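This is coords33.txt. It holds compact mmCIF, C-alpha atoms and all ligand atoms.
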# COMPACT_ATOMS: atom_id res chain seq x y z
CA MET A 1 -12.56 -5.05 22.01
CA LEU A 2 -11.98 -7.61 19.26
CA VAL A 3 -11.99 -6.35 15.68
CA LEU A 4 -12.04 -8.68 12.69
CA GLY A 5 -10.41 -6.91 9.71
CA LEU A 6 -11.15 -7.97 6.14
CA GLU A 7 -9.21 -6.83 3.08
CA THR A 8 -10.02 -7.87 -0.50
CA SER A 9 -9.53 -4.65 -2.47
CA CYS A 10 -6.91 -5.95 -4.88
CA ASP A 11 -5.16 -9.33 -5.05
CA GLU A 12 -4.66 -10.24 -1.40
CA THR A 13 -7.41 -12.05 0.49
CA ALA A 14 -6.69 -11.12 4.10
CA ALA A 15 -8.25 -11.39 7.55
CA ALA A 16 -6.82 -10.27 10.88
CA ILE A 17 -7.95 -9.99 14.49
CA LEU A 18 -6.87 -7.01 16.55
CA LYS A 19 -7.52 -6.64 20.27
CA ASP A 20 -8.06 -3.18 21.75
CA GLY A 21 -6.42 -1.46 18.81
CA ASP A 22 -2.91 -2.67 19.50
CA THR A 23 -2.59 -6.40 20.15
CA LEU A 24 -2.55 -8.30 16.89
CA LEU A 25 -3.86 -11.83 17.50
CA SER A 26 -3.68 -13.02 13.90
CA ASN A 27 -2.83 -11.70 10.46
CA ILE A 28 -3.58 -14.07 7.59
CA ILE A 29 -2.69 -13.00 4.07
CA ASN A 30 -3.39 -15.15 1.06
CA ASP A 31 -1.88 -13.58 -2.04
CA GLN A 32 -2.91 -14.51 -5.56
CA ILE A 33 0.51 -14.40 -7.16
CA ASP A 34 -0.05 -17.98 -8.37
CA ILE A 35 -3.06 -16.80 -10.39
CA HIS A 36 -1.85 -13.48 -11.82
CA SER A 37 1.85 -14.17 -12.44
CA GLU A 38 1.02 -15.96 -15.68
CA TYR A 39 -0.43 -12.67 -17.02
CA GLY A 40 2.26 -10.37 -15.60
CA GLY A 41 -0.38 -8.27 -13.80
CA ILE A 42 -3.70 -8.46 -11.99
CA VAL A 43 -6.69 -9.77 -13.94
CA PRO A 44 -9.67 -8.19 -12.10
CA GLU A 45 -12.19 -10.91 -12.99
CA LEU A 46 -9.89 -13.65 -11.72
CA ALA A 47 -9.10 -11.65 -8.57
CA GLY A 48 -12.78 -11.36 -7.64
CA ARG A 49 -13.46 -15.04 -8.21
CA SER A 50 -10.44 -16.09 -6.25
CA HIS A 51 -11.40 -13.87 -3.25
CA ASN A 52 -14.75 -15.63 -3.29
CA GLU A 53 -13.11 -19.03 -3.09
CA ARG A 54 -10.63 -18.06 -0.38
CA VAL A 55 -12.25 -15.53 1.92
CA HIS A 56 -14.03 -17.94 4.27
CA ARG A 57 -10.95 -20.12 4.66
CA VAL A 58 -8.85 -17.06 5.47
CA ILE A 59 -11.34 -15.85 8.11
CA LYS A 60 -11.43 -19.33 9.64
CA GLU A 61 -7.64 -19.40 9.80
CA SER A 62 -7.53 -15.97 11.45
CA LEU A 63 -9.96 -17.17 14.16
CA GLN A 64 -8.04 -20.40 14.70
CA LYS A 65 -4.74 -18.58 15.01
CA ALA A 66 -6.28 -16.19 17.57
CA ASP A 67 -7.99 -19.08 19.35
CA LEU A 68 -11.38 -17.40 19.04
CA GLN A 69 -14.87 -18.13 17.74
CA LEU A 70 -16.82 -15.88 15.38
CA ARG A 71 -19.22 -14.94 18.20
CA ASP A 72 -16.32 -13.43 20.19
CA ILE A 73 -15.82 -10.68 17.57
CA ASP A 74 -17.15 -7.24 18.57
CA LEU A 75 -16.70 -5.33 15.30
CA ILE A 76 -16.08 -6.21 11.64
CA ALA A 77 -13.90 -3.72 9.76
CA VAL A 78 -13.86 -4.11 6.00
CA THR A 79 -12.21 -2.28 3.10
CA MET A 80 -14.95 -0.48 1.14
CA GLY A 81 -12.70 1.30 -1.40
CA PRO A 82 -10.77 2.33 -3.36
CA GLY A 83 -9.95 -0.82 -5.31
CA LEU A 84 -11.24 -3.29 -7.87
CA ILE A 85 -15.00 -3.29 -7.58
CA GLY A 86 -15.44 -7.05 -8.04
CA SER A 87 -12.82 -7.70 -5.36
CA LEU A 88 -14.17 -5.11 -2.90
CA LEU A 89 -17.66 -6.58 -3.19
CA VAL A 90 -16.49 -9.98 -1.98
CA GLY A 91 -15.10 -8.58 1.29
CA LEU A 92 -18.00 -6.20 1.79
CA ASN A 93 -20.68 -8.82 1.19
CA THR A 94 -18.88 -11.28 3.43
CA ALA A 95 -18.80 -8.63 6.16
CA LYS A 96 -22.49 -7.92 5.66
CA GLY A 97 -23.29 -11.62 5.98
CA LEU A 98 -21.27 -11.89 9.18
CA SER A 99 -22.74 -8.71 10.60
CA TYR A 100 -26.27 -9.88 9.87
CA GLY A 101 -25.70 -13.40 11.17
CA LEU A 102 -23.86 -12.36 14.31
CA ARG A 103 -25.80 -9.14 14.95
CA LYS A 104 -22.47 -7.35 15.35
CA PRO A 105 -21.66 -3.91 13.91
CA MET A 106 -19.52 -3.48 10.81
CA ILE A 107 -17.55 -0.47 9.67
CA GLY A 108 -16.29 0.49 6.21
CA VAL A 109 -12.61 1.44 5.97
CA ASN A 110 -10.82 3.39 3.26
CA HIS A 111 -7.90 1.29 2.03
CA LEU A 112 -5.59 4.32 2.00
CA GLU A 113 -6.46 5.19 5.59
CA GLY A 114 -5.60 1.57 6.37
CA HIS A 115 -2.15 2.00 4.79
CA ILE A 116 -1.52 5.23 6.70
CA LEU A 117 -2.67 3.86 10.07
CA ALA A 118 -0.72 0.60 9.59
CA ILE A 119 2.08 2.36 11.49
CA TYR A 120 -0.21 2.47 14.56
CA LEU A 121 0.04 -1.32 14.80
CA GLN A 122 3.61 -0.72 15.92
CA LYS A 123 4.14 2.91 16.82
CA LYS A 124 1.75 5.68 17.81
CA VAL A 125 3.40 8.40 15.74
CA LYS A 126 2.40 11.83 17.02
CA PHE A 127 0.15 13.93 14.80
CA PRO A 128 0.60 15.89 12.62
CA PHE A 129 2.85 14.11 10.13
CA ILE A 130 3.45 13.72 6.41
CA ALA A 131 2.43 10.36 4.94
CA LEU A 132 3.68 9.01 1.64
CA VAL A 133 1.43 6.19 0.43
CA VAL A 134 3.32 4.39 -2.26
CA SER A 135 1.80 1.20 -3.64
CA GLY A 136 0.67 -0.57 -6.80
CA GLY A 137 -2.36 1.67 -7.19
CA HIS A 138 -1.35 4.86 -5.37
CA THR A 139 1.45 7.37 -5.00
CA GLU A 140 0.14 10.11 -2.76
CA LEU A 141 1.41 12.59 -0.22
CA TYR A 142 -0.85 13.59 2.67
CA ARG A 143 -0.72 15.91 5.59
CA VAL A 144 -2.18 13.84 8.44
CA SER A 145 -3.44 16.09 11.23
CA GLY A 146 -5.30 13.45 13.25
CA PHE A 147 -7.46 10.37 12.86
CA GLY A 148 -9.73 11.00 9.89
CA GLN A 149 -7.97 14.29 9.05
CA TYR A 150 -6.12 13.96 5.77
CA LYS A 151 -5.15 16.65 3.29
CA LEU A 152 -3.92 15.53 -0.12
CA LEU A 153 -0.74 17.45 -1.05
CA GLY A 154 0.30 15.64 -4.23
CA ARG A 155 -0.38 12.52 -6.25
CA THR A 156 0.77 10.73 -9.36
CA ARG A 157 -0.56 12.09 -12.62
CA ASP A 158 -0.18 8.75 -14.38
CA ASP A 159 1.30 5.45 -13.15
CA ALA A 160 1.68 4.64 -9.47
CA ALA A 161 5.26 3.96 -8.38
CA GLY A 162 4.51 0.26 -7.69
CA GLU A 163 2.82 -0.04 -11.07
CA SER A 164 5.97 1.28 -12.75
CA PHE A 165 8.06 -1.30 -10.84
CA ASP A 166 5.67 -4.00 -12.07
CA LYS A 167 5.74 -2.79 -15.69
CA VAL A 168 9.52 -2.47 -15.81
CA GLY A 169 9.76 -5.91 -14.15
CA LYS A 170 7.64 -7.31 -16.96
CA MET A 171 9.88 -5.66 -19.60
CA LEU A 172 12.88 -7.32 -17.96
CA GLY A 173 11.10 -10.69 -17.93
CA LEU A 174 10.99 -10.77 -14.11
CA PRO A 175 8.27 -12.57 -12.15
CA TYR A 176 5.20 -10.66 -10.96
CA PRO A 177 5.13 -8.50 -8.86
CA GLY A 178 8.12 -6.63 -10.26
CA GLY A 179 8.91 -4.55 -7.16
CA PRO A 180 10.66 -7.15 -5.00
CA ALA A 181 12.33 -8.70 -8.07
CA ILE A 182 13.76 -5.35 -9.20
CA GLU A 183 14.96 -4.53 -5.70
CA LYS A 184 16.84 -7.83 -5.62
CA LEU A 185 18.50 -7.32 -9.03
CA ALA A 186 19.32 -3.69 -8.23
CA ARG A 187 21.51 -4.79 -5.30
CA ASN A 188 24.05 -6.13 -7.80
CA GLY A 189 23.72 -3.31 -10.30
CA ASN A 190 25.28 0.10 -10.89
CA GLY A 191 22.62 2.80 -11.17
CA ASN A 192 25.06 5.13 -12.93
CA SER A 193 25.76 2.77 -15.86
CA HIS A 194 22.72 4.30 -17.49
CA LYS A 195 20.97 7.23 -15.87
CA PHE A 196 17.20 7.38 -16.35
CA PRO A 197 15.22 10.66 -16.28
CA ARG A 198 13.67 12.05 -13.09
CA ALA A 199 10.26 13.69 -13.46
CA HIS A 200 10.27 16.56 -10.97
CA LEU A 201 7.47 18.36 -12.91
CA GLU A 202 6.88 22.12 -12.52
CA LYS A 203 8.91 23.88 -9.86
CA GLY A 204 7.40 23.28 -6.44
CA SER A 205 4.90 20.63 -7.56
CA LEU A 206 4.27 17.78 -5.14
CA ASP A 207 2.76 15.65 -7.90
CA PHE A 208 4.52 12.64 -9.40
CA SER A 209 4.82 11.13 -12.87
CA PHE A 210 6.35 7.75 -13.66
CA SER A 211 5.11 6.92 -17.15
CA GLY A 212 7.97 8.78 -18.90
CA LEU A 213 10.50 6.82 -16.88
CA LYS A 214 8.83 3.55 -17.86
CA THR A 215 8.96 4.57 -21.55
CA SER A 216 12.58 5.53 -21.17
CA VAL A 217 13.41 2.03 -19.85
CA ARG A 218 11.55 0.46 -22.77
CA THR A 219 13.38 2.64 -25.31
CA PHE A 220 16.73 1.80 -23.75
CA LEU A 221 15.98 -1.93 -23.76
CA ASN A 222 15.13 -1.76 -27.48
CA HIS A 223 18.30 0.18 -28.12
CA ARG A 224 20.39 -2.36 -26.18
CA GLN A 225 18.91 -5.20 -28.17
CA GLN A 226 20.07 -3.58 -31.41
CA ASP A 227 23.53 -2.55 -30.24
CA SER A 228 25.74 -5.37 -28.99
CA THR A 229 28.42 -2.94 -27.77
CA ILE A 230 26.16 -1.78 -24.91
CA THR A 231 27.27 -3.58 -21.75
CA VAL A 232 24.62 -2.24 -19.36
CA THR A 233 23.14 -5.28 -17.56
CA ASP A 234 19.61 -5.96 -16.29
CA GLU A 235 21.02 -5.41 -12.80
CA ASP A 236 22.29 -1.96 -13.84
CA ILE A 237 18.94 -1.09 -15.41
CA SER A 238 17.09 -2.20 -12.27
CA ALA A 239 19.39 -0.07 -10.12
CA GLY A 240 19.12 2.92 -12.48
CA PHE A 241 15.34 2.68 -12.63
CA GLN A 242 15.00 2.23 -8.85
CA ASP A 243 17.32 5.20 -8.19
CA ALA A 244 15.19 7.40 -10.47
CA VAL A 245 11.95 6.46 -8.66
CA LEU A 246 13.46 6.80 -5.19
CA GLU A 247 15.15 10.13 -5.85
CA VAL A 248 11.85 11.78 -6.79
CA LEU A 249 9.90 10.17 -3.93
CA VAL A 250 12.45 11.33 -1.36
CA ALA A 251 12.77 14.84 -2.82
CA LYS A 252 8.99 15.43 -2.77
CA LEU A 253 8.66 13.98 0.71
CA ILE A 254 11.21 16.42 2.07
CA MET A 255 9.61 19.27 0.09
CA ALA A 256 6.22 18.40 1.63
CA CYS A 257 7.69 18.46 5.17
CA LYS A 258 9.26 21.84 4.60
CA ARG A 259 6.16 23.32 3.04
CA GLU A 260 3.85 22.05 5.79
CA LYS A 261 6.47 22.78 8.48
CA LEU A 262 6.29 19.21 9.77
CA SER A 263 9.14 17.04 10.96
CA ARG A 264 7.60 13.56 11.12
CA ILE A 265 7.32 11.26 8.10
CA VAL A 266 5.44 7.99 7.64
CA VAL A 267 6.12 5.96 4.49
CA THR A 268 3.70 3.14 3.78
CA GLY A 269 2.16 0.94 1.05
CA GLY A 270 3.73 -1.97 -0.84
CA VAL A 271 6.69 0.00 -2.25
CA ALA A 272 7.58 1.10 1.31
CA SER A 273 8.81 -2.45 1.91
CA ASN A 274 11.69 -1.60 -0.46
CA GLY A 275 14.89 -1.53 1.63
CA ALA A 276 16.63 1.03 -0.58
CA LEU A 277 13.67 3.43 -0.25
CA ARG A 278 13.62 3.00 3.53
CA GLU A 279 17.36 3.72 3.70
CA ALA A 280 17.14 6.72 1.35
CA VAL A 281 14.26 8.29 3.31
CA LYS A 282 15.96 7.68 6.67
CA LYS A 283 19.22 9.21 5.46
CA GLU A 284 17.67 12.31 3.91
CA ALA A 285 15.26 12.80 6.82
CA GLN A 286 18.16 12.69 9.24
CA CYS A 287 20.00 15.36 7.27
CA TRP A 288 17.04 17.70 7.75
CA GLY A 289 16.44 16.69 11.38
CA PHE A 290 13.18 14.91 10.54
CA GLU A 291 11.99 11.62 12.03
CA SER A 292 10.87 8.84 9.69
CA PHE A 293 8.70 5.81 10.42
CA PHE A 294 7.90 2.72 8.36
CA PRO A 295 5.55 -0.14 9.17
CA ASP A 296 7.29 -3.54 9.00
CA PRO A 297 7.22 -4.80 5.40
CA ILE A 298 4.42 -7.28 6.21
CA PHE A 299 2.21 -4.30 7.18
CA CYS A 300 3.30 -2.25 4.11
CA THR A 301 1.89 -4.58 1.48
CA ASP A 302 -1.86 -5.19 1.58
CA ASN A 303 -3.04 -6.81 4.80
CA ALA A 304 -6.13 -6.85 7.02
CA ALA A 305 -4.37 -5.86 10.26
CA MET A 306 -4.17 -2.27 8.96
CA ILE A 307 -7.90 -2.38 8.13
CA ALA A 308 -8.76 -3.66 11.61
CA CYS A 309 -6.58 -0.91 13.07
CA ALA A 310 -8.15 1.90 11.01
CA GLY A 311 -11.61 0.46 11.73
CA TYR A 312 -10.90 0.38 15.44
CA TYR A 313 -9.88 4.07 15.57
CA LYS A 314 -12.82 5.10 13.38
CA PHE A 315 -15.21 3.25 15.70
CA VAL A 316 -13.68 4.65 18.89
CA ARG A 317 -13.93 8.17 17.46
CA ASP A 318 -17.48 7.75 16.26
CA PRO A 319 -19.38 4.53 17.07
CA SER A 320 -22.27 5.78 14.93
CA SER A 321 -20.06 5.32 11.83
CA SER A 322 -20.62 1.58 12.26
CA SER A 323 -23.87 -0.12 11.33
CA LEU A 324 -25.56 -3.47 11.04
CA PHE A 325 -25.06 -5.14 7.69
CA LYS A 326 -26.94 -3.10 5.10
CA GLU A 327 -25.83 0.47 4.53
CA LEU A 328 -22.39 0.19 2.96
CA ASP A 329 -21.53 0.25 -0.74
CA ALA A 330 -18.21 -0.66 -2.33
CA LYS A 331 -16.54 2.28 -4.09
CA ALA A 332 -13.88 1.78 -6.76
CA SER A 333 -12.76 5.40 -6.22
CA LEU A 334 -12.90 6.80 -2.73
CA SER A 335 -11.12 9.85 -1.34
CA ILE A 336 -9.98 10.03 2.29
CA GLU A 337 -10.09 13.81 2.53
O1 LIG B 401 0.17 -2.01 -1.10
P1 LIG B 401 0.22 -3.11 -2.09
O2 LIG B 401 0.37 -4.52 -1.58
O3 LIG B 401 -1.06 -3.12 -2.98
C1 LIG B 401 -1.69 -1.96 -3.43
O4 LIG B 401 -2.48 -1.37 -2.65
O5 LIG B 401 -1.38 -1.59 -4.58
O6 LIG B 401 1.39 -2.77 -3.11
C2 LIG B 401 1.76 -3.64 -4.13
C3 LIG B 401 2.85 -2.96 -4.94
C4 LIG B 401 3.24 -3.73 -6.19
O7 LIG B 401 3.26 -2.82 -7.27
C5 LIG B 401 4.63 -4.24 -5.87
O8 LIG B 401 5.48 -4.38 -6.99
C6 LIG B 401 5.14 -3.16 -4.94
O9 LIG B 401 4.04 -2.82 -4.14
N1 LIG B 401 6.24 -3.66 -4.09
C7 LIG B 401 7.50 -3.21 -4.17
C8 LIG B 401 8.25 -4.00 -3.25
N2 LIG B 401 7.40 -4.88 -2.64
C9 LIG B 401 6.17 -4.66 -3.17
N3 LIG B 401 8.06 -2.25 -4.91
C10 LIG B 401 9.38 -2.04 -4.77
N4 LIG B 401 10.17 -2.75 -3.93
C11 LIG B 401 9.65 -3.73 -3.16
N5 LIG B 401 10.43 -4.41 -2.33
ZN ZN B 402 -2.72 -1.27 -0.83

Take the structure in the file and give it back as structure tokens.
Amino acid sequence: MLVLGLETSCDETAAAILKDGDTLLSNIINDQIDIHSEYGGIVPELAGRSHNERVHRVIKESLQKADLQLRDIDLIAVTMGPGLIGSLLVGLNTAKGLSYGLRKPMIGVNHLEGHILAIYLQKKVKFPFIALVVSGGHTELYRVSGFGQYKLLGRTRDDAAGESFDKVGKMLGLPYPGGPAIEKLARNGNGNSHKFPRAHLEKGSLDFSFSGLKTSVRTFLNHRQQDSTITVTDEDISAGFQDAVLEVLVAKLIMACKREKLSRIVVTGGVASNGALREAVKKEAQCWGFESFFPDPIFCTDNAAMIACAGYYKFVRDPSSSSLFKELDAKASLSIE
């Protein structure tokens, strides 16, 4: 079975072709960093327009790479939410056009389910497990009991972890997106030169909060500007900030495992491509006798292979969840529970 995945929920225009749920024939990702970097963040209007310009080229490339024609595709899986509405609509309407023209079924996929099931492109992790989805728009902990069975255990109350990386990156004058740039600087910094606060919230809470940490970085930067005796470097600040984010993510992940009595962990989403986070989770998980799994970085950041994968499993479970072109709506907010 050949599934064409389409992803346009944020600022990546992506198409991928997946055979029988596990053989990835192509995975084309066209990011829009060139467009948004000038503004230091995503401009929704520009994102939507750019998806429109790029989506057909990206689909064509995915077919060429897989050495296939459009008529060979059996199912079109497309992100229907959550995300930027103008961006989602481009992918969804493209899928509807293809579905109508080809008379092939299409299926709507939740972007978060895509992130969680990205691991299935590489490893069929046994259910149940704890999933931490940590990206530019989401920081959420789920108990995953099976395909389509997700229970939300905790989420950010303000900024997503990736968003805080991007905002701190902007404060430090780093290129967008801030996450990879901060990770790089942090390698040469000392996180203890200045210790930033950790928001653990009320005792036992599995929720997150990163806006206080972001403010704390801004306050410290202002302070440093006015006091020439402070020798803390941008590298040190990056390391200190990253340590503060990672410490809370790891602590809550372990707390969630203990509370749910589960010993398998999947960490996914753009921030999961951070090497220091991967190392910290692996180390702590090992201490507790838990197993941890991470999709390769290319499957952590937004991509269409994960959408094809989630669409495939949704279809196999329930073919009636697919339809010909007309019934799906894009949803800016969409829960997976
Ligand atoms: O999953 P993703 O591509 O898009 C969303 O669904 O949001 O995640 C993008 C986010 C951005 O905030 C970016 O800064 C962050 O993931 N990110 C990282 C790293 N690579 C990407 N954050 C920290 N370290 C990284 N290496
Ligand atoms: Zn994402």

Exercise for the section: Could you check how far CA of Arg264 (chain A) sits from CA of Gln286 (chain A), in Å to one decimal? Expected result: 10.8 Å

Given the point (24.8, -4.7, -17.3) in the coordinates of this file, which residues lie within 10 Å, counting all atoms listed in the file, and how would they look as an mmCIF file with C-alpha atoms, keeping the file's coordinate frame?
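Heads up, here's the output in out_34.cif:
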data_model
loop_
_atom_site.group_PDB
_atom_site.id
_atom_site.type_symbol
_atom_site.label_atom_id
_atom_site.label_comp_id
_atom_site.auth_asym_id
_atom_site.auth_seq_id
_atom_site.Cartn_x
_atom_site.Cartn_y
_atom_site.Cartn_z
ATOM 1 C CA ASN A 188 24.050 -6.130 -7.800
ATOM 2 C CA GLY A 189 23.720 -3.310 -10.300
ATOM 3 C CA ASN A 190 25.280 0.100 -10.890
ATOM 4 C CA GLY A 191 22.620 2.800 -11.170
ATOM 5 C CA SER A 193 25.760 2.770 -15.860
ATOM 6 C CA HIS A 194 22.720 4.300 -17.490
ATOM 7 C CA ILE A 230 26.160 -1.780 -24.910
ATOM 8 C CA THR A 231 27.270 -3.580 -21.750
ATOM 9 C CA VAL A 232 24.620 -2.240 -19.360
ATOM 10 C CA THR A 233 23.140 -5.280 -17.560
ATOM 11 C CA ASP A 234 19.610 -5.960 -16.290
ATOM 12 C CA GLU A 235 21.020 -5.410 -12.800
ATOM 13 C CA ASP A 236 22.290 -1.960 -13.840
ATOM 14 C CA ILE A 237 18.940 -1.090 -15.410
ATOM 15 C CA SER A 238 17.090 -2.200 -12.270
#

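When CA of Asp31 (chain A) is paired with CA of Val78 (chain A), their separation reads 17.3 Å.
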
Exercise for the section: Find the residues around Asp302 (chain A) up to 12 Å (all atoms listed in the file counted), leave out those fewer than 6 positions away in its own chain, and share them as a ChimeraX atom specification. Expected result: /A:5-16,27-32,79,83,111-112,114-116,118,133-137,268-273,295-296

Near region 257-261 of chain A, counting only C-alpha atoms, which residues have an atom at most 10 Å away, once you skip same-chain residues fewer than 2 positions from it, shown as a short mmCIF file (atom, residue, chain, number, x, y, z; two decimals) with C-alpha atoms, in the coordinates of the input?
data_model
loop_
_atom_site.label_atom_id
_atom_site.label_comp_id
_atom_site.auth_asym_id
_atom_site.auth_seq_id
_atom_site.Cartn_x
_atom_site.Cartn_y
_atom_site.Cartn_z
CA PRO A 128 0.60 15.89 12.62
CA PHE A 129 2.85 14.11 10.13
CA ILE A 130 3.45 13.72 6.41
CA ALA A 131 2.43 10.36 4.94
CA ARG A 143 -0.72 15.91 5.59
CA LEU A 153 -0.74 17.45 -1.05
CA GLY A 204 7.40 23.28 -6.44
CA LYS A 252 8.99 15.43 -2.77
CA LEU A 253 8.66 13.98 0.71
CA ILE A 254 11.21 16.42 2.07
CA MET A 255 9.61 19.27 0.09
CA SER A 263 9.14 17.04 10.96
CA ARG A 264 7.60 13.56 11.12
CA ILE A 265 7.32 11.26 8.10
CA ALA A 285 15.26 12.80 6.82
CA TRP A 288 17.04 17.70 7.75
CA PHE A 290 13.18 14.91 10.54
#

Exercise for the section: Extract, using all atoms listed in the file, all DNA, RNA and protein residues at most 8 Å from Val281 (chain A), discarding same-chain residues fewer than 4 positions from it, and format them as a PyMOL selection string. Expected result: chain A and resi 250+277+285+292

Problem - Best match for closeness to His200 (chain A) among A:Gln64, A:Thr156, A:Gln225, A:Gln242, counting only C-alpha atoms - result: A:Thr156

Handout entry: Nearby residues (only C-alpha atoms) at most 6 Å from Leu18 (chain A), same-chain spacing under 6 positions excluded, as a PyMOL selection string
Key = chain A and resi 2-3+24-25

Problem - Contacts of Ile119 (chain A) at 9 Å (all atoms listed in the file; same-chain gap of 4+ positions) as a VMD selection string - result: chain A and resid 115 123 to 125 266 to 268 293 to 296 299 to 300 306

Practice task
For each of A:Asp20, A:Asp329, A:Asp207, A:Asp74, take the minimum atom-to-atom distance to Leu132 (chain A), counting only C-alpha atoms, then give the residue where this is smallest.
Solution key: A:Asp207

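Distances here use only C-alpha atoms; by that measure, the residue among A:Gly146, A:Pro319, A:Gly154, A:Pro82 closest to Phe208 (chain A) is A:Gly154.
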
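Candidate residues A:Val245, A:Ala239, A:Met106, A:Val55 were compared for distance to Arg198 (chain A), and the nearest is A:Val245, using only C-alpha atoms.
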
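Among the candidates A:Pro44, A:Gly101, A:Pro177, A:Gly148, the residue lying nearest to ligand LIG 401 (chain B) is A:Pro177 (atoms considered: all atoms listed in the file).
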
Fill in the blank from the handout: From the list A:Asp34, A:Glu53, A:Asp158, A:Glu113, the nearest residue to Gly311 (chain A) using only C-alpha atoms is A:Glu113

Fill in the blank from the handout: Separating CA of Pro197 (chain A) from CA of Glu183 (chain A), to the nearest tenth of an Å, is a gap of 18.5 Å

Practice task
Pull the neighbourhood of (3.7, -11.6, -10.8) for me: all residues within 10 Å in file coordinates, counting only C-alpha atoms, as an NGL selection string.
Solution key: :A and (32-42 or 166 or 169-170 or 174-179 or 181)

How big is the axis-aligned box, and where does its centre sit, when it encloses all atoms of ligand LIG 401 (chain B) listed in the file and has 8 Å added on every side, reported in Å to one decimal as AutoDock Vina command-line options?
--center_x 4.0 --center_y -3.1 --center_z -4.2 --size_x 28.9 --size_y 19.5 --size_z 22.2
